[in-house]
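What follows is the content of start.csv, which has CSV, C-alpha atoms and all ligand atoms:
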```
chain,number,residue,atom,x,y,z
A,693,MET,CA,11.8,-21.0,0.1
A,694,LEU,CA,11.8,-17.7,1.8
A,695,ILE,CA,10.8,-14.1,0.9
A,696,ARG,CA,12.1,-11.2,2.9
A,697,PHE,CA,9.4,-8.5,3.4
A,698,VAL,CA,11.0,-5.1,3.9
A,699,THR,CA,8.9,-3.1,6.4
A,700,GLY,CA,9.0,-1.5,9.8
A,701,ASN,CA,5.6,-3.0,10.5
A,702,GLU,CA,5.6,-6.6,11.7
A,703,GLY,CA,1.8,-6.9,11.1
A,704,LYS,CA,2.4,-6.4,7.3
A,705,ALA,CA,4.9,-9.3,7.2
A,706,ARG,CA,2.4,-11.5,9.0
A,707,GLU,CA,-0.4,-10.5,6.7
A,708,ALA,CA,1.8,-11.3,3.7
A,709,GLN,CA,2.5,-14.8,5.2
A,710,GLU,CA,-1.2,-15.5,5.4
A,711,TYR,CA,-1.6,-14.8,1.6
A,712,LEU,CA,1.5,-16.9,0.8
A,713,GLU,CA,0.7,-19.9,3.0
A,714,GLY,CA,1.7,-23.1,1.2
A,715,ILE,CA,3.7,-21.1,-1.4
A,716,THR,CA,6.6,-19.6,0.6
A,717,ALA,CA,7.7,-18.6,4.1
A,718,VAL,CA,7.9,-14.8,4.8
A,719,THR,CA,10.2,-13.1,7.2
A,720,GLN,CA,10.2,-9.4,8.2
A,721,VAL,CA,13.4,-7.4,7.6
A,722,GLU,CA,13.9,-3.8,8.4
A,723,TYR,CA,15.9,-1.9,5.8
A,724,ASP,CA,15.7,1.9,5.2
A,725,TYR,CA,15.8,2.0,1.4
A,726,THR,CA,15.9,5.3,-0.5
A,727,GLU,CA,12.4,6.5,-1.4
A,728,ILE,CA,12.9,8.3,-4.7
A,729,GLN,CA,10.7,11.3,-5.4
A,730,SER,CA,8.1,10.2,-8.0
A,731,ASP,CA,4.4,10.3,-8.5
A,732,SER,CA,4.5,6.6,-9.4
A,733,LEU,CA,4.2,4.0,-6.6
A,734,GLU,CA,5.5,1.4,-9.0
A,735,GLU,CA,8.8,3.3,-9.6
A,736,ILE,CA,9.3,4.0,-5.8
A,737,ALA,CA,8.6,0.4,-4.8
A,738,ALA,CA,10.6,-1.1,-7.7
A,739,ARG,CA,13.7,1.0,-6.9
A,740,GLY,CA,13.4,0.3,-3.2
A,741,ALA,CA,13.1,-3.5,-3.8
A,742,ARG,CA,16.2,-3.5,-6.1
A,743,GLU,CA,18.2,-1.5,-3.6
A,744,ALA,CA,17.1,-3.6,-0.7
A,745,TYR,CA,17.9,-6.9,-2.6
A,746,GLU,CA,21.4,-5.7,-3.4
A,747,SER,CA,22.2,-4.2,0.0
A,748,LEU,CA,20.8,-7.0,2.1
A,749,GLY,CA,23.0,-9.6,0.3
A,750,ASP,CA,21.7,-11.3,-2.7
A,751,THR,CA,20.2,-14.5,-1.4
A,752,GLU,CA,16.4,-14.7,-0.9
A,753,PRO,CA,14.1,-12.4,-2.8
A,754,VAL,CA,12.7,-9.3,-1.3
A,755,LEU,CA,9.2,-7.7,-1.3
A,756,VAL,CA,8.7,-3.9,-0.8
A,757,GLY,CA,5.3,-2.3,-0.5
A,758,ASP,CA,4.2,1.3,-1.1
A,759,ALA,CA,0.7,2.6,-0.7
A,760,GLY,CA,-1.2,5.9,-0.9
A,761,LEU,CA,-4.6,7.6,-1.3
A,762,PHE,CA,-5.2,9.2,-4.7
A,763,VAL,CA,-7.9,11.8,-4.9
A,764,GLU,CA,-9.2,12.4,-8.4
A,765,ALA,CA,-10.1,16.1,-8.1
A,766,LEU,CA,-6.6,16.8,-6.7
A,767,GLU,CA,-4.8,15.0,-9.6
A,768,GLY,CA,-3.9,12.1,-7.4
A,769,PHE,CA,-2.7,14.1,-4.4
A,770,PRO,CA,-1.6,13.0,-1.7
A,771,GLY,CA,-0.6,9.8,-3.6
A,772,PRO,CA,3.0,8.7,-2.7
A,773,TYR,CA,3.2,11.5,-0.2
A,774,SER,CA,0.3,10.2,1.9
A,775,ALA,CA,2.2,9.5,5.1
A,776,TYR,CA,3.8,12.9,5.0
A,777,VAL,CA,0.5,14.7,4.3
A,778,GLU,CA,-1.2,12.8,7.0
A,779,GLU,CA,1.4,14.0,9.5
A,780,THR,CA,1.5,17.6,8.2
A,781,VAL,CA,-1.9,18.6,6.7
A,782,GLY,CA,-3.8,15.9,8.5
A,783,VAL,CA,-6.9,14.0,7.5
A,784,GLU,CA,-9.5,16.6,8.6
A,785,ARG,CA,-8.0,19.3,6.5
A,786,LEU,CA,-7.6,17.0,3.5
A,787,TRP,CA,-11.4,16.4,3.8
A,788,ARG,CA,-12.0,20.2,3.9
A,789,LEU,CA,-10.0,20.6,0.7
A,790,VAL,CA,-12.0,17.9,-1.1
A,791,SER,CA,-15.4,19.0,0.3
A,792,ASP,CA,-15.4,21.9,-2.2
A,793,GLU,CA,-15.1,19.6,-5.1
A,794,GLU,CA,-17.9,18.1,-7.1
A,795,ASN,CA,-16.0,14.9,-7.8
A,796,ARG,CA,-15.0,13.3,-4.5
A,797,ARG,CA,-13.9,10.0,-5.9
A,798,ALA,CA,-10.6,8.5,-4.7
A,799,GLN,CA,-8.6,5.3,-4.7
A,800,PHE,CA,-6.4,3.6,-2.2
A,801,ARG,CA,-3.5,1.9,-4.0
A,802,THR,CA,-0.8,-0.5,-2.9
A,803,VAL,CA,2.1,-1.6,-5.1
A,804,LEU,CA,4.2,-4.5,-4.1
A,805,ALA,CA,7.6,-4.8,-5.8
A,806,PHE,CA,9.4,-8.2,-5.9
A,807,ALA,CA,13.2,-8.4,-6.6
A,808,ASP,CA,15.5,-11.3,-7.0
A,809,ALA,CA,18.7,-11.9,-8.9
A,810,GLU,CA,17.0,-11.9,-12.3
A,811,ARG,CA,14.1,-9.5,-12.2
A,812,THR,CA,12.0,-6.8,-10.5
A,813,GLU,CA,8.2,-7.2,-10.9
A,814,THR,CA,5.4,-5.0,-9.5
A,815,PHE,CA,1.8,-6.0,-8.5
A,816,GLU,CA,-1.0,-3.6,-7.8
A,817,GLY,CA,-4.1,-3.6,-5.6
A,818,SER,CA,-6.7,-0.9,-5.4
A,819,VAL,CA,-10.1,0.0,-3.9
A,820,ALA,CA,-12.3,2.9,-5.2
A,821,GLY,CA,-14.4,5.0,-2.9
A,822,THR,CA,-15.5,8.5,-2.0
A,823,ILE,CA,-14.0,11.1,0.3
A,824,VAL,CA,-16.5,12.1,3.1
A,825,ALA,CA,-16.4,14.0,6.4
A,826,PRO,CA,-14.6,11.9,9.0
A,827,ARG,CA,-16.6,9.1,10.6
A,828,GLY,CA,-15.7,6.1,12.7
A,829,GLU,CA,-13.1,5.1,15.3
A,830,GLY,CA,-11.4,2.1,13.7
A,831,GLY,CA,-8.5,1.6,11.2
A,832,PHE,CA,-5.7,4.1,10.7
A,833,GLY,CA,-4.6,6.9,8.4
A,834,TYR,CA,-7.2,8.1,6.0
A,835,ASP,CA,-9.8,5.4,6.9
A,836,PRO,CA,-12.2,7.9,8.6
A,837,ILE,CA,-12.7,9.9,5.4
A,838,PHE,CA,-12.7,7.1,2.8
A,839,GLU,CA,-16.2,5.7,2.2
A,840,TYR,CA,-16.9,2.4,0.5
A,841,ASN,CA,-20.5,1.1,0.0
A,842,GLY,CA,-22.0,3.6,2.5
A,843,GLN,CA,-19.4,3.0,5.3
A,844,THR,CA,-16.1,4.6,6.0
A,845,LEU,CA,-13.2,2.2,6.4
A,846,ALA,CA,-13.0,3.4,10.0
A,847,GLU,CA,-16.6,2.2,10.6
A,848,MET,CA,-15.8,-1.3,9.4
A,849,SER,CA,-14.6,-4.3,11.4
A,850,THR,CA,-11.1,-5.5,10.6
A,851,GLU,CA,-12.7,-8.5,8.6
A,852,GLU,CA,-14.9,-6.1,6.5
A,853,LYS,CA,-11.9,-3.9,5.7
A,854,ASN,CA,-9.6,-6.8,4.9
A,855,ALA,CA,-12.2,-8.2,2.5
A,856,ILE,CA,-11.9,-5.1,0.3
A,857,SER,CA,-8.3,-4.1,1.2
A,858,HIS,CA,-6.0,-2.7,-1.5
A,859,ARG,CA,-3.1,-4.3,0.3
A,860,GLY,CA,-4.9,-7.7,0.3
A,861,ARG,CA,-5.6,-7.4,-3.4
A,862,ALA,CA,-2.0,-6.7,-4.2
A,863,LEU,CA,-0.9,-9.6,-2.1
A,864,SER,CA,-3.4,-12.0,-3.8
A,865,THR,CA,-2.1,-11.0,-7.2
A,866,PHE,CA,1.5,-11.4,-6.1
A,867,ALA,CA,0.7,-14.8,-4.5
A,868,GLU,CA,-0.9,-16.1,-7.7
A,869,TRP,CA,2.1,-15.0,-9.8
A,870,TYR,CA,4.7,-16.3,-7.4
A,871,GLY,CA,2.8,-19.6,-7.0
A,872,ASP,CA,2.8,-20.1,-10.8
A,873,GLN,CA,6.6,-19.7,-10.9
A,874,HIS,CA,7.2,-22.5,-8.4
A,901,LIG,P1,6.1,0.7,5.8
A,901,LIG,O1,6.9,0.6,7.0
A,901,LIG,O2,5.6,-0.6,5.4
A,901,LIG,O3,6.9,1.4,4.6
A,901,LIG,P2,4.3,3.1,5.6
A,901,LIG,O4,3.9,3.9,6.9
A,901,LIG,O5,5.2,3.8,4.7
A,901,LIG,O6,4.8,1.7,6.1
A,901,LIG,P3,2.3,2.6,3.4
A,901,LIG,O7,3.3,2.8,2.3
A,901,LIG,O8,1.6,1.3,3.5
A,901,LIG,O9,2.9,2.8,4.9
A,901,LIG,O10,1.2,3.7,3.4
A,901,LIG,C1,1.6,5.1,3.3
A,901,LIG,C2,0.5,6.0,3.9
A,901,LIG,O11,-0.7,5.8,3.2
A,901,LIG,C3,0.2,5.6,5.4
A,901,LIG,O12,1.0,6.3,6.2
A,901,LIG,C4,-1.3,6.1,5.5
A,901,LIG,O13,-1.3,7.5,5.7
A,901,LIG,C5,-1.8,5.8,4.1
A,901,LIG,N1,-2.5,4.5,4.0
A,901,LIG,C6,-2.0,3.4,3.4
A,901,LIG,N2,-2.9,2.4,3.5
A,901,LIG,C7,-4.0,2.9,4.2
A,901,LIG,C8,-5.2,2.3,4.6
A,901,LIG,O14,-5.5,1.0,4.3
A,901,LIG,N3,-6.1,3.1,5.3
A,901,LIG,C9,-5.7,4.4,5.6
A,901,LIG,N4,-4.6,5.0,5.2
A,901,LIG,C10,-3.7,4.2,4.5
```

What does the file become when written as structure tokens?
Ligand code: ITT
Amino acid sequence: MLIRFVTGNEGKAREAQEYLEGITAVTQVEYDYTEIQSDSLEEIAARGAREAYESLGDTEPVLVGDAGLFVEALEGFPGPYSAYVEETVGVERLWRLVSDEENRRAQFRTVLAFADAERTETFEGSVAGTIVAPRGEGGFGYDPIFEYNGQTLAEMSTEEKNAISHRGRALSTFAEWYGDQH
């Protein structure tokens, strides 16, 4: 059995393999699927997975992931636009925008979409935290401004971050479902 993980990032395919050990093999495939404009990660990932499955030749199932940071006071912004906002607005300016707000709660969310010949299914993982002034040198993206239990994700070791990771939680939920099917 084999699942094709659609990503430009080899590390993500390796991480998926760790969660699916003993259930299925995972290979990385690069495919530039259409990212539809939507405020729903589920819809973006599901459409991407369906398109990838049909374009790559309908053999092994595919898995597509989409993630983002959802700030409560900003109605979920930057959400699905997180990569674009990181490149344009930047993390420091996003912090300044949120610093004026009383409610600084935010969630990181990952949605994984699975597609095969019969179905498209989505699986979610999330972690709740608080937006703070940037601290820490580790991690990537919004990690320096996302605080969980008194530490920003950029102040945590890789092991500490992985233990609470939204991506890891989505992968566990998927692995449990996929394991039950086989
Ligand atoms: P793919 O090749 O897998 O599509 P991507 O860069 O589109 O990678 P994601 O969908 O996983 O990445 O995440 C979108 C953006 O959300 C990413 O560029 C970061 O800005 C942010 N992000 C996601 N997960 C994060 C995390 O754990 N810590 C900090 N920022 C994160």

Next on the checklist: At a cut-off of 10 Å, using all atoms listed in the file, what residues contact Val718 (chain A)? Leave out same-chain residues fewer than 2 positions from it and give the result as an MDAnalysis selection string.
Outcome noted: chainID A and resid 693:697 705:710 712:713 715:716 720:721 754:755

Suppose we keep C-alpha atoms; can you now write the selection as a PDB file, in the coordinates of the input?
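Writing done, so here's result00.pdb:
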```
ATOM      1  CA  MET A 693      11.800 -21.000   0.100  1.00  0.00           C
ATOM      2  CA  LEU A 694      11.800 -17.700   1.800  1.00  0.00           C
ATOM      3  CA  ILE A 695      10.800 -14.100   0.900  1.00  0.00           C
ATOM      4  CA  ARG A 696      12.100 -11.200   2.900  1.00  0.00           C
ATOM      5  CA  PHE A 697       9.400  -8.500   3.400  1.00  0.00           C
ATOM      6  CA  ALA A 705       4.900  -9.300   7.200  1.00  0.00           C
ATOM      7  CA  ARG A 706       2.400 -11.500   9.000  1.00  0.00           C
ATOM      8  CA  GLU A 707      -0.400 -10.500   6.700  1.00  0.00           C
ATOM      9  CA  ALA A 708       1.800 -11.300   3.700  1.00  0.00           C
ATOM     10  CA  GLN A 709       2.500 -14.800   5.200  1.00  0.00           C
ATOM     11  CA  GLU A 710      -1.200 -15.500   5.400  1.00  0.00           C
ATOM     12  CA  LEU A 712       1.500 -16.900   0.800  1.00  0.00           C
ATOM     13  CA  GLU A 713       0.700 -19.900   3.000  1.00  0.00           C
ATOM     14  CA  ILE A 715       3.700 -21.100  -1.400  1.00  0.00           C
ATOM     15  CA  THR A 716       6.600 -19.600   0.600  1.00  0.00           C
ATOM     16  CA  GLN A 720      10.200  -9.400   8.200  1.00  0.00           C
ATOM     17  CA  VAL A 721      13.400  -7.400   7.600  1.00  0.00           C
ATOM     18  CA  VAL A 754      12.700  -9.300  -1.300  1.00  0.00           C
ATOM     19  CA  LEU A 755       9.200  -7.700  -1.300  1.00  0.00           C
TER      20      LEU A 755
END
```

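With only C-alpha atoms and all ligand atoms as the basis for measurement, A:Ser857 is the residue among A:Ser747, A:Asn795, A:Ser857, A:Thr865 that approaches ligand LIG 901 (chain A) most closely.
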
Checklist entry - If you count only C-alpha atoms and all ligand atoms, which residues end up within 7 Å of ligand LIG 901 (chain A), as a PyMOL selection string? => result chain A and resi 699-701+704+757-761+774-775+778+800+831-835+857-858

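Distance annotation: of A:Ala737, A:Val803, A:Ala825, A:Val756, the residue with the minimal separation from Glu784 (chain A) is A:Ala825; atom set is only C-alpha atoms.
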
Next on the checklist: Set the distance at 12 Å and use all atoms listed in the file: which residues neighbour Ala807 (chain A) once local chain neighbours fewer than 3 positions away are removed? I'd like the list as a PyMOL selection string.
Outcome noted: chain A and resi 695-698+737-748+750-757+804+810-815+870

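Take CA of Glu793 (chain A) and CA of Ile736 (chain A): the distance between them is 29.0 Å.
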
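Distance check against Pro772 (chain A) using only C-alpha atoms: of A:Ser849, A:Gln843, A:Gln873, A:Gln729, the minimum falls on A:Gln729.
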
Item to check | Protein/DNA/RNA residues near (-4.0, 0.7, -7.4), cut 7 Å, all atoms listed in the file, as a count of residues only | outcome: 7

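The two atoms in question, CA of Val790 (chain A) and CA of Val824 (chain A), are spaced 8.5 Å apart.
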
Item to check | Between CA of Tyr840 (chain A) and CA of Phe806 (chain A) - distance in Å to one decimal | outcome: 29.1 Å

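Of the listed residues A:Glu839, A:Tyr773, A:Arg859, A:Gly828, the one whose atoms come nearest to Glu727 (chain A) is A:Tyr773, with distances taken using only C-alpha atoms.
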
Item to check | Selection near Pro826 (chain A), 9 Å with only C-alpha atoms, sequence-local residues under 5 positions removed, as number ranges by chain | outcome: A: 783-784, 787, 834-838, 844, 846
